[in-house]
$ cat run_38.tsv   # TSV, C-alpha atoms
chain	number	residue	atom	x	y	z
A	1321	MET	CA	43.11	-39.64	17.67
A	1322	GLU	CA	39.87	-38.76	19.42
A	1323	ILE	CA	39.00	-35.08	19.50
A	1324	ALA	CA	36.64	-33.92	22.23
A	1325	THR	CA	33.49	-32.08	21.19
A	1326	PRO	CA	31.90	-29.52	21.10
A	1327	TYR	CA	34.14	-27.10	19.23
A	1328	LEU	CA	35.10	-23.44	19.15
A	1329	LEU	CA	36.22	-22.65	15.59
A	1330	PHE	CA	39.19	-20.29	15.36
A	1331	LEU	CA	39.19	-18.39	12.06
A	1332	GLY	CA	42.10	-16.05	12.77
A	1333	ASP	CA	42.24	-13.12	10.36
A	1334	VAL	CA	41.87	-15.00	7.07
A	1335	PRO	CA	41.17	-12.92	3.93
A	1336	ASP	CA	38.26	-14.93	2.48
A	1337	ALA	CA	35.90	-17.84	2.98
A	1338	LEU	CA	38.13	-20.28	1.07
A	1339	ALA	CA	40.88	-19.71	3.61
A	1340	ALA	CA	38.41	-20.76	6.33
A	1341	LYS	CA	37.19	-23.85	4.48
A	1342	THR	CA	38.13	-26.16	7.37
A	1343	ALA	CA	35.83	-24.33	9.77
A	1344	LEU	CA	33.07	-23.88	7.20
A	1345	GLY	CA	33.18	-27.56	6.29
A	1346	ILE	CA	32.81	-28.64	9.90
A	1347	VAL	CA	29.82	-26.32	10.34
A	1348	ASP	CA	28.15	-27.65	7.18
A	1349	TRP	CA	28.47	-31.31	8.08
A	1350	ARG	CA	28.66	-31.35	11.91
A	1351	PRO	CA	26.72	-28.25	13.03
A	1352	GLU	CA	25.73	-29.89	16.29
A	1353	TRP	CA	29.39	-29.91	17.35
A	1354	CYS	CA	30.01	-26.20	16.70
A	1355	LYS	CA	29.23	-23.83	19.60
A	1356	GLY	CA	30.88	-20.68	18.26
A	1357	GLN	CA	33.64	-18.98	16.29
A	1358	LEU	CA	36.58	-16.79	17.30
A	1359	ARG	CA	37.70	-14.18	14.75
A	1360	LEU	CA	40.56	-11.73	14.98
A	1361	ALA	CA	40.44	-8.16	13.67
A	1362	GLY	CA	40.39	-8.08	9.87
A	1363	CYS	CA	38.89	-11.56	9.41
A	1364	ARG	CA	36.78	-11.68	6.24
A	1365	ALA	CA	35.27	-15.12	6.76
A	1366	ASP	CA	32.13	-15.93	8.71
A	1367	ALA	CA	30.88	-19.40	9.65
A	1368	GLU	CA	27.55	-17.82	10.64
A	1369	ILE	CA	27.61	-19.21	14.17
A	1370	PRO	CA	27.88	-17.11	17.35
A	1371	ASP	CA	31.07	-15.12	17.89
A	1372	MET	CA	32.58	-16.06	21.24
A	1373	THR	CA	35.56	-15.21	23.36
A	1374	ILE	CA	37.55	-18.10	24.72
A	1375	ALA	CA	36.10	-17.52	28.18
A	1376	GLU	CA	32.57	-17.55	26.78
A	1377	ALA	CA	33.30	-20.75	24.89
A	1378	ARG	CA	34.62	-22.45	28.01
A	1379	ASP	CA	31.52	-21.42	29.95
A	1380	ALA	CA	29.34	-22.78	27.11
A	1381	GLY	CA	30.92	-26.21	27.48
A	1382	VAL	CA	33.38	-26.13	24.58
A	1383	ARG	CA	36.10	-28.75	24.93
A	1384	THR	CA	38.32	-28.17	21.87
A	1385	MET	CA	39.33	-25.12	19.87
A	1386	ILE	CA	39.79	-26.09	16.23
A	1387	VAL	CA	42.13	-23.92	14.18
A	1388	GLY	CA	39.74	-23.84	11.25
A	1389	ALA	CA	41.83	-21.72	8.85
A	1390	VAL	CA	44.33	-22.69	6.18
A	1391	ASN	CA	46.98	-20.87	4.19
A	1392	ALA	CA	49.62	-21.56	1.57
A	1393	GLY	CA	52.16	-23.91	3.12
A	1394	GLY	CA	50.02	-24.70	6.15
A	1395	VAL	CA	52.08	-22.54	8.53
A	1396	LEU	CA	50.97	-21.18	11.90
A	1397	PRO	CA	51.15	-17.36	11.91
A	1398	ASP	CA	53.00	-15.95	14.90
A	1399	HIS	CA	50.13	-13.65	15.84
A	1400	TRP	CA	47.77	-16.63	16.29
A	1401	VAL	CA	49.90	-18.15	19.05
A	1402	ALA	CA	48.51	-15.93	21.83
A	1403	SER	CA	44.94	-17.12	21.16
A	1404	ILE	CA	46.03	-20.75	21.21
A	1405	VAL	CA	47.88	-20.28	24.49
A	1406	GLU	CA	44.83	-18.52	25.96
A	1407	ALA	CA	42.60	-21.43	24.94
A	1408	LEU	CA	44.91	-23.98	26.57
A	1409	GLU	CA	45.13	-21.95	29.75
A	1410	ALA	CA	41.33	-21.72	29.81
A	1411	GLY	CA	41.15	-25.52	29.85
A	1412	LEU	CA	40.46	-26.26	26.18
A	1413	ASP	CA	42.27	-28.75	23.97
A	1414	VAL	CA	43.50	-27.36	20.64
A	1415	ALA	CA	43.45	-29.12	17.27
A	1416	THR	CA	44.81	-28.01	13.92
A	1417	GLY	CA	45.17	-29.34	10.42
A	1418	LEU	CA	48.13	-27.14	9.54
A	1419	HIS	CA	51.47	-28.55	8.44
A	1420	SER	CA	53.11	-26.74	11.39
A	1421	ARG	CA	53.04	-28.79	14.57
A	1422	LEU	CA	51.56	-27.06	17.60
A	1423	ARG	CA	54.07	-28.66	19.94
A	1424	ASP	CA	56.95	-27.22	17.90
A	1425	VAL	CA	56.03	-23.75	19.19
A	1426	GLU	CA	57.62	-23.38	22.61
A	1427	ALA	CA	54.89	-21.14	24.07
A	1428	ILE	CA	52.16	-23.55	22.98
A	1429	ARG	CA	53.97	-26.66	24.19
A	1430	ALA	CA	54.65	-25.04	27.57
A	1431	ALA	CA	51.03	-23.93	27.94
A	1432	ALA	CA	49.78	-27.44	27.14
A	1433	GLU	CA	52.14	-28.95	29.71
A	1434	ARG	CA	51.09	-26.44	32.39
A	1435	SER	CA	47.39	-26.93	31.77
A	1436	GLY	CA	47.45	-30.65	31.06
A	1437	ARG	CA	45.52	-30.10	27.83
A	1438	GLN	CA	45.81	-32.04	24.57
A	1439	LEU	CA	47.35	-30.83	21.31
A	1440	HIS	CA	46.01	-32.54	18.18
A	1441	ASP	CA	48.03	-32.13	14.97
A	1442	VAL	CA	45.63	-33.86	12.59
A	1443	ARG	CA	47.94	-33.61	9.59
A	1444	HIS	CA	50.66	-35.61	11.37
A	1445	THR	CA	49.62	-39.23	11.72
A	1446	THR	CA	51.40	-41.85	13.76
A	1447	GLN	CA	50.28	-44.47	11.23
A	1448	THR	CA	53.01	-45.92	9.02
A	1449	PHE	CA	52.29	-46.80	5.40
A	1450	ALA	CA	53.77	-49.21	2.89
A	1451	THR	CA	54.47	-48.21	-0.67
A	1452	GLY	CA	51.54	-48.68	-3.02
A	1453	LYS	CA	51.36	-52.00	-4.86
A	1454	GLY	CA	48.53	-51.40	-7.35
A	1455	THR	CA	47.17	-54.92	-6.85
A	1456	LYS	CA	43.46	-55.20	-7.62
A	1457	ARG	CA	41.41	-55.41	-4.41
A	1458	SER	CA	37.77	-56.26	-3.80
A	1459	GLY	CA	35.08	-53.68	-3.28
A	1460	LEU	CA	34.19	-50.56	-5.24
A	1461	ARG	CA	35.74	-47.11	-5.05
A	1462	LEU	CA	34.85	-43.63	-6.24
A	1463	LEU	CA	37.29	-40.71	-6.23
A	1464	THR	CA	36.39	-37.06	-6.58
A	1465	VAL	CA	38.84	-35.16	-8.80
A	1466	GLY	CA	39.03	-31.48	-9.68
A	1467	THR	CA	39.82	-28.89	-12.30
A	1468	ASP	CA	41.49	-27.01	-9.41
A	1469	CYS	CA	41.92	-26.92	-5.64
A	1470	SER	CA	38.95	-25.94	-3.45
A	1471	VAL	CA	36.21	-26.74	-5.96
A	1472	GLY	CA	34.06	-29.08	-3.85
A	1473	LYS	CA	35.73	-32.50	-3.87
A	1474	LYS	CA	35.09	-33.11	-0.17
A	1475	TYR	CA	31.50	-31.82	-0.29
A	1476	THR	CA	30.75	-33.95	-3.33
A	1477	ALA	CA	32.05	-37.12	-1.67
A	1478	LEU	CA	30.09	-36.38	1.51
A	1479	ALA	CA	26.92	-35.65	-0.47
A	1480	LEU	CA	27.35	-38.88	-2.40
A	1481	GLU	CA	27.73	-40.81	0.86
A	1482	ARG	CA	24.45	-39.36	2.08
A	1483	GLY	CA	22.67	-39.95	-1.23
A	1484	MET	CA	23.94	-43.47	-1.75
A	1485	ARG	CA	23.05	-44.51	1.77
A	1486	ALA	CA	19.55	-43.08	1.29
A	1487	ALA	CA	19.29	-45.29	-1.80
A	1488	GLY	CA	20.13	-48.35	0.28
A	1489	MET	CA	23.74	-48.61	-0.91
A	1490	ASP	CA	26.68	-49.56	1.30
A	1491	ALA	CA	28.93	-46.48	1.13
A	1492	ASP	CA	31.51	-44.77	3.37
A	1493	PHE	CA	33.26	-41.41	3.05
A	1494	ARG	CA	37.06	-41.67	3.27
A	1495	ALA	CA	38.80	-38.48	4.37
A	1496	THR	CA	42.12	-37.45	2.85
A	1497	GLY	CA	42.32	-33.92	4.28
A	1498	GLN	CA	42.25	-32.33	7.69
A	1499	THR	CA	38.68	-31.03	7.43
A	1500	GLY	CA	37.41	-34.44	6.36
A	1501	VAL	CA	39.17	-36.02	9.34
A	1502	PHE	CA	37.47	-33.54	11.69
A	1503	ILE	CA	34.11	-34.39	10.07
A	1504	SER	CA	34.42	-38.17	9.82
A	1505	GLY	CA	36.56	-38.98	12.85
A	1506	ARG	CA	39.13	-40.95	10.85
A	1507	GLY	CA	41.28	-40.71	7.75
A	1508	VAL	CA	44.70	-39.46	6.72
A	1509	ALA	CA	45.90	-36.05	5.58
A	1510	ILE	CA	47.36	-37.31	2.33
A	1511	ASP	CA	49.33	-34.15	1.54
A	1512	ALA	CA	51.44	-34.67	4.67
A	1513	VAL	CA	52.46	-38.22	3.72
A	1514	VAL	CA	56.00	-38.71	2.40
A	1515	ALA	CA	55.77	-38.86	-1.40
A	1516	ASP	CA	56.86	-42.50	-1.74
A	1517	PHE	CA	53.95	-43.62	0.46
A	1518	ILE	CA	51.03	-41.55	-0.88
A	1519	SER	CA	49.58	-44.36	-2.99
A	1520	GLY	CA	50.15	-46.82	-0.14
A	1521	ALA	CA	48.29	-44.52	2.25
A	1522	ALA	CA	45.36	-44.41	-0.18
A	1523	GLU	CA	45.37	-48.22	-0.36
A	1524	TRP	CA	45.34	-48.36	3.47
A	1525	LEU	CA	42.44	-45.91	3.57
A	1526	SER	CA	40.31	-47.95	1.14
A	1527	PRO	CA	41.19	-51.61	1.75
A	1528	GLU	CA	39.53	-54.74	0.44
A	1529	ALA	CA	35.79	-54.76	1.08
A	1530	ASP	CA	32.58	-56.59	0.18
A	1531	ALA	CA	31.84	-56.70	-3.53
A	1532	ASP	CA	29.02	-54.11	-3.32
A	1533	HIS	CA	30.68	-51.77	-0.80
A	1534	TRP	CA	31.67	-48.28	-2.00
A	1535	ASP	CA	34.51	-46.25	-0.54
A	1536	LEU	CA	33.96	-42.60	-1.49
A	1537	ILE	CA	37.43	-41.09	-1.43
A	1538	GLU	CA	37.91	-37.36	-0.99
A	1539	GLY	CA	40.14	-36.01	-3.75
A	1540	GLN	CA	42.96	-33.50	-3.34
A	1541	GLY	CA	44.45	-30.86	-5.63
A	1542	SER	CA	44.33	-31.35	-9.39
A	1543	LEU	CA	46.37	-33.26	-11.93
A	1544	PHE	CA	46.83	-29.92	-13.68
A	1545	HIS	CA	47.96	-27.87	-10.66
A	1546	PRO	CA	51.73	-27.26	-10.74
A	1547	SER	CA	51.90	-27.17	-6.93
A	1548	PHE	CA	49.85	-30.23	-6.01
A	1549	ALA	CA	49.66	-32.60	-8.99
A	1550	GLY	CA	52.06	-35.04	-7.33
A	1551	VAL	CA	49.71	-35.59	-4.41
A	1552	THR	CA	46.74	-35.90	-6.78
A	1553	LEU	CA	48.44	-38.54	-8.92
A	1554	GLY	CA	49.57	-40.65	-5.96
A	1555	LEU	CA	46.05	-40.55	-4.56
A	1556	LEU	CA	44.59	-41.57	-7.92
A	1557	HIS	CA	46.91	-44.57	-8.22
A	1558	GLY	CA	46.32	-45.73	-4.65
A	1559	ALA	CA	42.57	-45.16	-4.65
A	1560	GLN	CA	42.28	-47.43	-7.71
A	1561	PRO	CA	38.85	-45.94	-8.43
A	1562	ASP	CA	36.22	-47.74	-10.44
A	1563	ALA	CA	34.46	-44.42	-10.89
A	1564	PHE	CA	35.26	-40.74	-10.52
A	1565	VAL	CA	33.38	-37.45	-10.42
A	1566	VAL	CA	34.92	-34.24	-11.78
A	1567	CYS	CA	34.44	-31.16	-9.57
A	1568	HIS	CA	34.51	-27.70	-11.15
A	1569	GLU	CA	33.96	-24.03	-10.34
A	1570	PRO	CA	32.85	-22.30	-13.56
A	1571	MET	CA	33.75	-18.70	-12.66
A	1572	ARG	CA	37.50	-19.31	-12.42
A	1573	THR	CA	39.90	-18.65	-15.25
A	1574	ALA	CA	43.21	-19.36	-13.46
A	1575	MET	CA	44.10	-22.03	-10.93
A	1576	ARG	CA	44.15	-21.01	-7.28
A	1577	GLY	CA	47.46	-19.51	-6.17
A	1578	VAL	CA	49.20	-19.73	-9.57
A	1579	ALA	CA	48.95	-18.11	-12.99
A	1580	HIS	CA	48.23	-21.30	-14.93
A	1581	PRO	CA	44.88	-21.37	-16.78
A	1582	LEU	CA	42.09	-23.63	-15.60
A	1583	PRO	CA	41.85	-26.88	-17.58
A	1584	SER	CA	38.58	-27.88	-19.21
A	1585	ILE	CA	36.38	-30.57	-17.72
A	1586	GLN	CA	37.11	-32.80	-20.70
A	1587	GLU	CA	40.86	-32.40	-20.22
A	1588	VAL	CA	40.47	-33.54	-16.61
A	1589	ILE	CA	38.35	-36.53	-17.64
A	1590	ASP	CA	40.85	-37.58	-20.30
A	1591	LEU	CA	43.95	-37.24	-18.09
A	1592	THR	CA	42.29	-38.94	-15.11
A	1593	VAL	CA	41.35	-41.93	-17.29
A	1594	ALA	CA	44.82	-42.06	-18.87
A	1595	CYS	CA	46.61	-42.01	-15.50
A	1596	GLY	CA	44.03	-44.02	-13.57
A	1597	ARG	CA	44.23	-46.97	-15.96
A	1598	LEU	CA	47.58	-47.86	-14.40
A	1599	THR	CA	45.82	-49.39	-11.38
A	1600	ASN	CA	42.26	-49.79	-12.71
A	1601	PRO	CA	41.90	-50.24	-16.48
A	1602	ALA	CA	38.10	-49.99	-16.15
A	1603	ILE	CA	38.06	-46.51	-14.56
A	1604	ARG	CA	35.22	-44.30	-15.80
A	1605	CYS	CA	33.66	-40.88	-15.14
A	1606	VAL	CA	30.11	-41.08	-13.75
A	1607	GLY	CA	29.30	-37.43	-13.19
A	1608	ILE	CA	30.32	-33.80	-12.89
A	1609	ALA	CA	29.81	-31.69	-9.76
A	1610	ILE	CA	29.72	-27.95	-10.40
A	1611	ASN	CA	29.85	-25.27	-7.71
A	1612	THR	CA	27.18	-22.80	-8.93
A	1613	GLN	CA	27.19	-20.62	-5.82
A	1614	ALA	CA	28.08	-17.50	-7.83
A	1615	LEU	CA	25.22	-18.02	-10.32
A	1616	ASP	CA	21.52	-17.26	-10.04
A	1617	ASP	CA	19.02	-20.09	-10.38
A	1618	GLU	CA	18.47	-19.66	-14.11
A	1619	ALA	CA	22.18	-19.45	-14.94
A	1620	ALA	CA	22.96	-22.41	-12.68
A	1621	ARG	CA	20.35	-24.61	-14.35
A	1622	ALA	CA	21.53	-23.60	-17.80
A	1623	THR	CA	25.15	-24.34	-16.87
A	1624	LEU	CA	24.33	-27.77	-15.49
A	1625	ASP	CA	22.17	-28.67	-18.47
A	1626	ALA	CA	24.84	-27.56	-20.96
A	1627	VAL	CA	27.60	-29.49	-19.23
A	1628	ALA	CA	25.48	-32.65	-18.96
A	1629	THR	CA	24.61	-32.45	-22.65
A	1630	GLN	CA	28.18	-31.79	-23.70
A	1631	HIS	CA	29.65	-34.71	-21.77
A	1632	GLY	CA	26.75	-37.18	-21.78
A	1633	ILE	CA	26.82	-37.75	-18.02
A	1634	PRO	CA	24.93	-36.17	-15.09
A	1635	ALA	CA	25.98	-32.68	-14.00
A	1636	VAL	CA	24.81	-31.49	-10.57
A	1637	ASP	CA	25.53	-28.98	-7.84
A	1638	PRO	CA	25.76	-31.17	-4.71
A	1639	ILE	CA	24.45	-28.38	-2.48
A	1640	ARG	CA	21.94	-26.69	-4.79
A	1641	THR	CA	20.42	-29.62	-6.67
A	1642	GLY	CA	21.65	-32.70	-4.82
A	1643	VAL	CA	23.48	-35.68	-6.29
A	1644	GLN	CA	20.64	-38.09	-7.09
A	1645	PRO	CA	21.35	-38.15	-10.86
A	1646	ILE	CA	24.92	-39.29	-10.14
A	1647	VAL	CA	23.67	-41.91	-7.67
A	1648	ASP	CA	21.30	-43.17	-10.38
A	1649	ARG	CA	24.17	-43.33	-12.88
A	1650	ILE	CA	26.32	-45.29	-10.42
A	1651	GLN	CA	23.51	-47.80	-9.88
A	1652	GLN	CA	23.08	-48.11	-13.64
A	1653	ASP	CA	26.79	-48.59	-14.40
A	1654	PHE	CA	27.53	-50.82	-11.40
A	1655	PRO	CA	24.52	-53.08	-10.77
A	1656	ARG	CA	24.66	-55.06	-7.57
A	1657	PRO	CA	26.07	-58.58	-7.92

$ encode --input "run_38.tsv" --output "structure tokens"
Amino acid sequence: MEIATPYLLFLGDVPDALAAKTALGIVDWRPEWCKGQLRLAGCRADAEIPDMTIAEARDAGVRTMIVGAVNAGGVLPDHWVASIVEALEAGLDVATGLHSRLRDVEAIRAAAERSGRQLHDVRHTTQTFATGKGTKRSGLRLLTVGTDCSVGKKYTALALERGMRAAGMDADFRATGQTGVFISGRGVAIDAVVADFISGAAEWLSPEADADHWDLIEGQGSLFHPSFAGVTLGLLHGAQPDAFVVCHEPMRTAMRGVAHPLPSIQEVIDLTVACGRLTNPAIRCVGIAINTQALDDEAARATLDAVATQHGIPAVDPIRTGVQPIVDRIQQDFPRP
């Protein structure tokens, strides 16, 4: 699908910044596409772009309103429908990455038909996928994995794309979530794929390539998360990664949305290698990406240094320190043919 830019980002009334990660991710990586944000009463997230009404957005040249909020289950709250209808009637297209389909809501479907506007349900692809085969394919692949959900897997992959390209490497970000699709313009929302075809979808997303080409595949969930481990494992098998980076948020003690304790970085490395060997026996960890946003500079540096020393591989914050040490490690471990 092709989504018209620029955007108005609809944040609804989400309770925190993590619930608005779709909108915040688009602003971070495609700020030139983002004209403004629309927030309902009680919203506790802020993309730090101008607040706009739908009429103001239309007058500013906005072409699509992106529903930039997420929630457990990916449902569309009833009280958001009026804003979506208003946007359609004002002449804007509407796009969402929720599991709920916009056209399944009668008021939204009718408004789109009356106005002749487009509805984009990014999570619902028209692409069909085969089951995964696990056959070795040419090219190189890196997968970001996590100790939990929402720990920076997408940001790490995007930062690596930027860093590897700056180093003269042939590298492409491969989106597996709705925000990544909005940012990159292509990809597949892997958590909406029927379970039997998850690994096949990952194979489709990162097909055979030149020997020195890197596909940088956005990870999802965590192998340790009781809600999402199935998606994570299917993505790991289909991605067939030569390398992986562990993403971690050090202030958490429990996994997001459940009572289960957070696994250690080493536990994630060990389980990823054990499971990943099914489709790539040579899989290896090349770095650790830590979200140090909650730490001051001194504590962040100490945390990164301690983790790097403990595990013997680079530890970085992709936003705070950049990813050059991981890029250097990749070049060292995978010299060009």

$ atom_distance --input "run_38.tsv" --atom1 "CA of Ile1518 (chain A)" --atom2 "CA of Arg1494 (chain A)"
14.6 Å

$ residues_near_point --input "run_38.tsv" --point "(26.8, -48.4, -13.3)" --cutoff "12 Å" --atoms "only C-alpha atoms" --output "ChimeraX atom specification"
/A:1460,1462,1532,1562-1564,1602-1607,1633,1645-1657

$ residues_around --input "run_38.tsv" --residues "region 1617-1632 of chain A" --least-positions-apart "3" --cutoff "10 Å" --atoms "all atoms listed in the file" --output "list in words"
Pro1570, Ile1585, Gln1586, Ile1589, Cys1605, Val1606, Gly1607, Ile1608, Ala1609, Ile1610, Asn1611, Thr1612, Gln1613, Ala1614, Ala1635, Val1636, Asp1637, Arg1640 and Thr1641 of chain A

$ closest_residue --input "run_38.tsv" --among "A:Arg1350, A:Lys1456, A:Lys1474, A:His1533" --to "Asn1600 (chain A)" --atoms "all atoms listed in the file"
A:Lys1456

$ closest_residue --input "run_38.tsv" --among "A:Trp1400, A:Tyr1475, A:Phe1517, A:Phe1502" --to "Ala1450 (chain A)" --atoms "only C-alpha atoms"
A:Phe1517

$ closest_residue --input "run_38.tsv" --among "A:Trp1349, A:Phe1493, A:Phe1449, A:Phe1330" --to "Pro1370 (chain A)" --atoms "all atoms listed in the file"
A:Phe1330

$ atom_distance --input "run_38.tsv" --atom1 "CA of Pro1397 (chain A)" --atom2 "CA of Gly1505 (chain A)"
26.1 Å

$ residues_near_point --input "run_38.tsv" --point "(32.8, -31.4, 11.7)" --cutoff "10 Å" --atoms "all atoms listed in the file" --output "PyMOL selection string"
chain A and resi 1325-1327+1342-1354+1386+1499-1505

$ closest_atom_pairs --input "run_38.tsv" --of "region 1438-1537 of chain A" --to "region 1541-1556 of chain A" --cutoff "9 Å" --atoms "all atoms listed in the file" --output "Markdown table"
| residue | atom | partner | partner_atom | distance |
| --- | --- | --- | --- | --- |
| A:Gly1452 | CA | A:Gly1554 | CA | 8.8 |
| A:Leu1463 | CA | A:Leu1556 | CA | 7.5 |
| A:Val1465 | CA | A:Ser1542 | CA | 6.7 |
| A:Gly1466 | CA | A:Ser1542 | CA | 5.3 |
| A:Thr1467 | CA | A:Ser1542 | CA | 5.9 |
| A:Asp1468 | CA | A:Ser1542 | CA | 5.2 |
| A:Cys1469 | CA | A:Gly1541 | CA | 4.7 |
| A:Ser1470 | CA | A:Gly1541 | CA | 7.7 |
| A:Thr1496 | CA | A:Leu1555 | CA | 8.9 |
| A:Ile1510 | CA | A:Val1551 | CA | 7.3 |
| A:Asp1511 | CA | A:Val1551 | CA | 6.1 |
| A:Val1513 | CA | A:Val1551 | CA | 9.0 |
| A:Ala1515 | CA | A:Val1551 | CA | 7.5 |
| A:Asp1516 | CA | A:Gly1554 | CA | 8.6 |
| A:Phe1517 | CA | A:Gly1554 | CA | 8.3 |
| A:Ile1518 | CA | A:Gly1554 | CA | 5.4 |
| A:Ser1519 | CA | A:Gly1554 | CA | 4.8 |
| A:Gly1520 | CA | A:Gly1554 | CA | 8.5 |
| A:Ala1521 | CA | A:Leu1555 | CA | 8.2 |
| A:Ala1522 | CA | A:Leu1555 | CA | 5.9 |
| A:Glu1523 | CA | A:Leu1555 | CA | 8.8 |

$ atom_distance --input "run_38.tsv" --atom1 "CA of Val1395 (chain A)" --atom2 "CA of His1419 (chain A)"
6.0 Å

$ residues_around --input "run_38.tsv" --residues "Ala1491 (chain A)" --least-positions-apart "2" --cutoff "6 Å" --atoms "only C-alpha atoms" --output "PyMOL selection string"
chain A and resi 1481+1489+1533-1535

$ residues_around --input "run_38.tsv" --residues "region 1422-1428 of chain A" --least-positions-apart "5" --cutoff "9 Å" --atoms "only C-alpha atoms" --output "list of chain:residue names"
A:Leu1396, A:Val1401, A:Ala1402, A:Ile1404, A:Val1405, A:Leu1408, A:Val1414, A:Ala1415, A:Thr1416, A:Glu1433, A:Leu1439, A:His1440, A:Asp1441

$ residues_around --input "run_38.tsv" --residues "Arg1359 (chain A)" --least-positions-apart "4" --cutoff "9 Å" --atoms "all atoms listed in the file" --output "PyMOL selection string"
chain A and resi 1329-1334+1363-1366+1371-1373

$ write_last_selection --input "run_38.tsv" --atoms "C-alpha atoms" --output "PDB file, in the coordinates of the input"
ATOM      1  CA  LEU A1329      36.220 -22.650  15.590  1.00  0.00           C
ATOM      2  CA  PHE A1330      39.190 -20.290  15.360  1.00  0.00           C
ATOM      3  CA  LEU A1331      39.190 -18.390  12.060  1.00  0.00           C
ATOM      4  CA  GLY A1332      42.100 -16.050  12.770  1.00  0.00           C
ATOM      5  CA  ASP A1333      42.240 -13.120  10.360  1.00  0.00           C
ATOM      6  CA  VAL A1334      41.870 -15.000   7.070  1.00  0.00           C
ATOM      7  CA  CYS A1363      38.890 -11.560   9.410  1.00  0.00           C
ATOM      8  CA  ARG A1364      36.780 -11.680   6.240  1.00  0.00           C
ATOM      9  CA  ALA A1365      35.270 -15.120   6.760  1.00  0.00           C
ATOM     10  CA  ASP A1366      32.130 -15.930   8.710  1.00  0.00           C
ATOM     11  CA  ASP A1371      31.070 -15.120  17.890  1.00  0.00           C
ATOM     12  CA  MET A1372      32.580 -16.060  21.240  1.00  0.00           C
ATOM     13  CA  THR A1373      35.560 -15.210  23.360  1.00  0.00           C
TER      14      THR A1373
END

$ axis_aligned_box --input "run_38.tsv" --around "region 1496-1503 of chain A" --padding-each-side "8 Å" --output "AutoDock Vina command-line options"
--center_x 38.2 --center_y -34.2 --center_z 7.3 --size_x 24.2 --size_y 22.4 --size_z 24.8

$ build_atoms --input "run_38.tsv" --residues "region 1523-1527 of chain A" --atoms "all heavy atoms" --output "compact mmCIF listing (two decimals), in the coordinates of the input"
# COMPACT_ATOMS: atom_id res chain seq x y z
N GLU A 1523 45.77 -46.81 -0.42
CA GLU A 1523 45.37 -48.22 -0.36
C GLU A 1523 44.96 -48.60 1.06
O GLU A 1523 43.99 -49.34 1.26
CB GLU A 1523 46.52 -49.10 -0.84
CG GLU A 1523 46.81 -48.97 -2.33
CD GLU A 1523 47.95 -49.84 -2.79
OE1 GLU A 1523 48.59 -50.52 -1.94
OE2 GLU A 1523 48.23 -49.87 -4.01
N TRP A 1524 45.68 -48.11 2.06
CA TRP A 1524 45.34 -48.36 3.47
C TRP A 1524 43.98 -47.78 3.81
O TRP A 1524 43.18 -48.40 4.53
CB TRP A 1524 46.41 -47.75 4.37
CG TRP A 1524 46.07 -47.74 5.83
CD1 TRP A 1524 46.28 -48.74 6.73
CD2 TRP A 1524 45.45 -46.67 6.57
NE1 TRP A 1524 45.83 -48.37 7.99
CE2 TRP A 1524 45.32 -47.10 7.90
CE3 TRP A 1524 45.00 -45.40 6.23
CZ2 TRP A 1524 44.75 -46.31 8.89
CZ3 TRP A 1524 44.43 -44.60 7.21
CH2 TRP A 1524 44.32 -45.05 8.53
N LEU A 1525 43.68 -46.61 3.26
CA LEU A 1525 42.44 -45.91 3.57
C LEU A 1525 41.23 -46.61 2.97
O LEU A 1525 40.12 -46.53 3.51
CB LEU A 1525 42.53 -44.47 3.04
CG LEU A 1525 41.40 -43.51 3.40
CD1 LEU A 1525 41.37 -43.25 4.90
CD2 LEU A 1525 41.58 -42.19 2.64
N SER A 1526 41.43 -47.29 1.84
CA SER A 1526 40.31 -47.95 1.14
C SER A 1526 40.68 -49.40 0.86
O SER A 1526 40.90 -49.78 -0.28
CB SER A 1526 39.99 -47.21 -0.15
OG SER A 1526 41.15 -47.10 -0.97
N PRO A 1527 40.72 -50.22 1.91
CA PRO A 1527 41.19 -51.61 1.75
C PRO A 1527 40.15 -52.50 1.09
O PRO A 1527 39.08 -52.05 0.69
CB PRO A 1527 41.43 -52.04 3.20
CG PRO A 1527 40.42 -51.26 3.99
CD PRO A 1527 40.33 -49.92 3.29
